[in-house]
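**Q** Okay, handing you the structure first.
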Amino acid sequence: MALSQLRLSHFRNIESAELRPAAGLNLIHGANGSGKTSVLEAIWFLGVGRSFRSQQSQRVIQYQQEAFTLFARIGDERMGMQRNRQGEVDVRINGERPQRMADLAKLLPLQLITPESFALLLDGPKARREYIDWGVFHSDIQFHLVWARCRRLLKQRNQLLRNQVEDRQIAIWDKQLAQYSRSLTEMRRAWVNSLNGVLEGIIGTFLPQVPVRVSFSQGWDAKYDIEQILTEQLRRDKQLGYTVSGPHKADLRLRVSNIPVQDVLSRGQLKLLVCALKIAQGVLLSKQHNKQCIYLVDDLASELDAEKRTLLLRQLEQTGSQVFVTAIDPEQLAMIDWQRRFHVEHGEVAAKDS
Ligand SMILES: Nc1ncnc2c1ncn2[C@@H]1O[C@H](COP(=O)(O)OP(=O)(O)OP(=O)(O)O)[C@@H](O)[C@H]1O
Ligand SMILES: [Mg+2]
């Protein structure tokens with residue numbers, strides 16, 4: 001799965017651009033503010049339906065313009081997206097409107113690594129839960145339904161808690177919630193187990209001296225069934241007005257000598273660990289489902305010495321996937337044969353001979 005064509009118009013500082021990327025390694029280089037991250041952001045927008053930089057999607061529309069338009073060709077499929085300042089979105093896959101935004105992600109599975117990706121390790125469990133769920137979403141067709149049911153049932157339960165509804169009425173809902181929570185947890189656990197098989201090798205390459213342990217935390221004490229937990233904690237949940245334990249508290253724990261990685265690892269080591277997690281996710285997808293992710297790596301060189309940059313690039317190359325890397329100075333990444341290079345200057349994108 002690779003983008004063979006990408007067209008952008010009125011996206012950030014890019015008035016209009018057309019790229020014909022290679023199926024392997026693509027380098028996008030240029031000065032600060034030239035538009036490199038914007039190209040990655042456009043690809044992300046096509047696959048995810050939003051930006052990774054702004055909460056407000058209209059911010060990416062070029063100043064003085066009414067809408068941005070994106071178009072991409074992936075194998076035999078065509079994807080198009082237009083979004084205006086009123087927030088109206090027109091998405092097309094092969095000319096048809098998809099039923100759900102999730103259809104975009106199925107067609108264009110992306111892995112994004114930016115200098116802000118540290119958040120995966122430094123912030124709370126939400127980002128790591130989303131990381132797990134991305135993997136399960138792509139590996140189990142039941143996931144989306146089970147996850148959505150769980151979310152709805154939890155919302156309803158929290159509402160009932162706040163309304164101080166009678167216990168036996170809540171217990172009826174808890175049966176259903178417990179059932180979906182168990183399914184969701186089993187899917188997540190199975191996926192993390194498979195991930196660990198892939199991840200160990202990559203962490204071993206990136207951080208050979210650092211024994212990182214990765215484990216799944218399901219969101220409640222694993223010794224007990226979720227229904228028992230919900231019943232036992234009902235009084236407290238009612239006092240607080242929300243459900244304290246459950247699959248909505250799941251997490252991926254990363255530790256070195258039993259200490260959370262964020263308290264032990266250096267900046268460069270943290271970056272390599274994030275890269276290992278993202279690459280492992282893509283490798284697992286291709287192993288289990290023969291589907292290739294596209295990797296977007298913004299400012300690959302930051303925080304990494306020359307040896308680690310080489311390691312990372314080689315690992316990305318080994319995935320056999322399409323990769324887009326941005327850099328200010330291409331000399332910093334000259335250790336690898338780029339299949340295609342693009343130079344960006346004031347929002348103009350030009351292909352360079354490699
Ligand atoms: N809505 C917009 N319309 C026009 N220009 C914009 C808009 N939003 C941002 N810009 C400008 O677009 C330019 C491209 O930004 P981008 O982040 O893609 O640059 P970059 O090449 O990644 O730079 P750096 O090396 O500093 O990361 C910047 O100069 C920014 O000020
Ligand atoms: Mg940038």
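The way I read the labels, and the way they are meant: chains A, B, ... in the order of the structure tokens, residue 1 as the first residue of every chain, and ligand 1 as the first ligand shown, with later ones counted on from there.
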If the limit is 10 Å from any atom of ligand 1, counting only C-alpha atoms and all ligand atoms, which residues qualify? Return them as a PyMOL selection string.

**A** chain A and resi 10-15+28-42+53-54+57-65+68+115+298-299+326-329+343-347

**Q** If we count only C-alpha atoms and set the cut-off at 12 Å, which residues sit around Gln281 of chain A, ignoring sequence neighbours fewer than 5 positions away in its own chain? Please answer as a PyMOL selection string.

**A** chain A and resi 109-112+131-139+191-199+202+274-276+286-289+291-295+319

**Q** What residues in segment 260-347 of chain A get the DSSP label alpha helix (DSSP H)? Please answer as number ranges by chain.

**A** A: 267-289, 306-318

**Q** Quick one, how far is atom CA of Gln159 of chain A from atom CA of Gln233 of chain A?

**A**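 Atom-to-atom, atom CA of Gln159 of chain A and atom CA of Gln233 of chain A are spaced 15.8 Å apart.
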
**Q** Within segment 111-343 of chain A, find each residue whose DSSP state, derived from the backbone, is strand (DSSP E), and express the selection as a PyMOL selection string.

**A** chain A and resi 111-113+212-217+251-256+259-260+294-297+322-327+340-343

**Q** Fewer than 6 positions away in the same chain doesn't count, so skip those; otherwise give me all residues within 10 Å of Ser245 of chain A, counting only C-alpha atoms, as a list in words.

**A** Gln218, Gly219, Trp220, Asp221, Ile226, Ile229, Leu230, Gln233 and Asp237 of chain A

**Q** For the residues selected in the previous step, produce a file with N, CA and C atoms as an mmCIF file, in the first residue's frame.

**A**
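Output saved as again_7.cif:
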```cif
data_model
loop_
_atom_site.group_PDB
_atom_site.id
_atom_site.type_symbol
_atom_site.label_atom_id
_atom_site.label_comp_id
_atom_site.auth_asym_id
_atom_site.auth_seq_id
_atom_site.Cartn_x
_atom_site.Cartn_y
_atom_site.Cartn_z
ATOM 1 N N GLN A 218 -5.157 -3.684 32.099
ATOM 2 C CA GLN A 218 -6.500 -3.718 31.482
ATOM 3 C C GLN A 218 -7.469 -2.643 31.992
ATOM 4 N N GLY A 219 -7.138 -2.006 33.116
ATOM 5 C CA GLY A 219 -8.013 -0.934 33.610
ATOM 6 C C GLY A 219 -8.702 -1.268 34.915
ATOM 7 N N TRP A 220 -8.508 -2.489 35.384
ATOM 8 C CA TRP A 220 -8.987 -2.889 36.717
ATOM 9 C C TRP A 220 -8.139 -4.082 37.162
ATOM 10 N N ASP A 221 -8.192 -4.397 38.449
ATOM 11 C CA ASP A 221 -7.391 -5.482 39.005
ATOM 12 C C ASP A 221 -7.713 -6.798 38.289
ATOM 13 N N ILE A 226 -14.803 -8.066 35.804
ATOM 14 C CA ILE A 226 -15.233 -6.662 35.743
ATOM 15 C C ILE A 226 -16.607 -6.454 36.389
ATOM 16 N N ILE A 229 -16.165 -6.042 40.010
ATOM 17 C CA ILE A 229 -15.561 -4.726 40.291
ATOM 18 C C ILE A 229 -16.628 -3.629 40.228
ATOM 19 N N LEU A 230 -17.456 -3.698 39.190
ATOM 20 C CA LEU A 230 -18.496 -2.663 39.022
ATOM 21 C C LEU A 230 -19.454 -2.690 40.205
ATOM 22 N N GLN A 233 -17.672 -1.457 43.450
ATOM 23 C CA GLN A 233 -17.305 -0.039 43.458
ATOM 24 C C GLN A 233 -18.487 0.900 43.212
ATOM 25 N N ASP A 237 -18.491 4.893 42.973
ATOM 26 C CA ASP A 237 -18.784 5.460 41.653
ATOM 27 C C ASP A 237 -19.945 6.455 41.747
#
```

**Q** Between atom CA of Ala250 of chain A and atom CA of Lys271 of chain A, what is the distance, to one decimal in Å?

**A**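 These atoms are spaced 22.8 Å apart.
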
**Q** Set the distance at 10 Å and use only C-alpha atoms: which residues neighbour segment 80-95 of chain A once local chain neighbours fewer than 3 positions away are removed? I'd like the list as JSON, numbers by chain.

**A** {"A": [6, 7, 8, 9, 45, 46, 49, 56, 57, 58, 59, 60, 61, 65, 66, 67, 68, 69, 70, 71, 72, 73, 76, 77, 98, 99, 100, 101, 103, 104, 107]}

**Q** Considering only C-alpha atoms, state which residue in the set A:Leu272, A:Gln339, A:Leu284, A:Leu316 is at the smallest distance from Ala351 of chain A.

**A**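 Smallest distance to Ala351 of chain A is found for A:Gln339.
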
**Q** Have a look at A:Met1, A:Ile170, A:Ala102, A:Leu313 and name the one nearest to Arg50 of chain A; count only C-alpha atoms.

**A**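 Ranked by minimum distance to Arg50 of chain A, first place goes to A:Ala102.
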
**Q** Go through A:Leu19, A:Gly124, A:Ala301, A:Ser183 and flag the residue nearest ligand 2, using only C-alpha atoms and all ligand atoms for the distances.

**A**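 Under the stated criterion, the closest residue is A:Ala301.
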
**Q** Between A:Glu200, A:Arg255, A:Thr114, A:Leu265, which is the closest to ligand 2 once you count only C-alpha atoms and all ligand atoms?

**A**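 Smallest distance to ligand 2 is found for A:Thr114.
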
**Q** What does the distance between atom CA of Arg253 of chain A and atom CA of Gln179 of chain A come to in Å, to one decimal place?

**A**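 Separating atom CA of Arg253 of chain A from atom CA of Gln179 of chain A is a distance of 24.5 Å.
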
**Q** Could you tell me which of A:Arg182, A:Ser302, A:Tyr224, A:Val146 comes closest to ligand 2 if we count only C-alpha atoms and all ligand atoms?

**A**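 Under the stated criterion, the closest residue is A:Ser302.
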
**Q** Out of A:Thr310, A:Leu25, A:Phe52, A:Ala119, which residue has the shortest atom-to-atom distance to ligand 2 when counting only C-alpha atoms and all ligand atoms?

**A**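 The answer is A:Phe52, which sits nearest to ligand 2.
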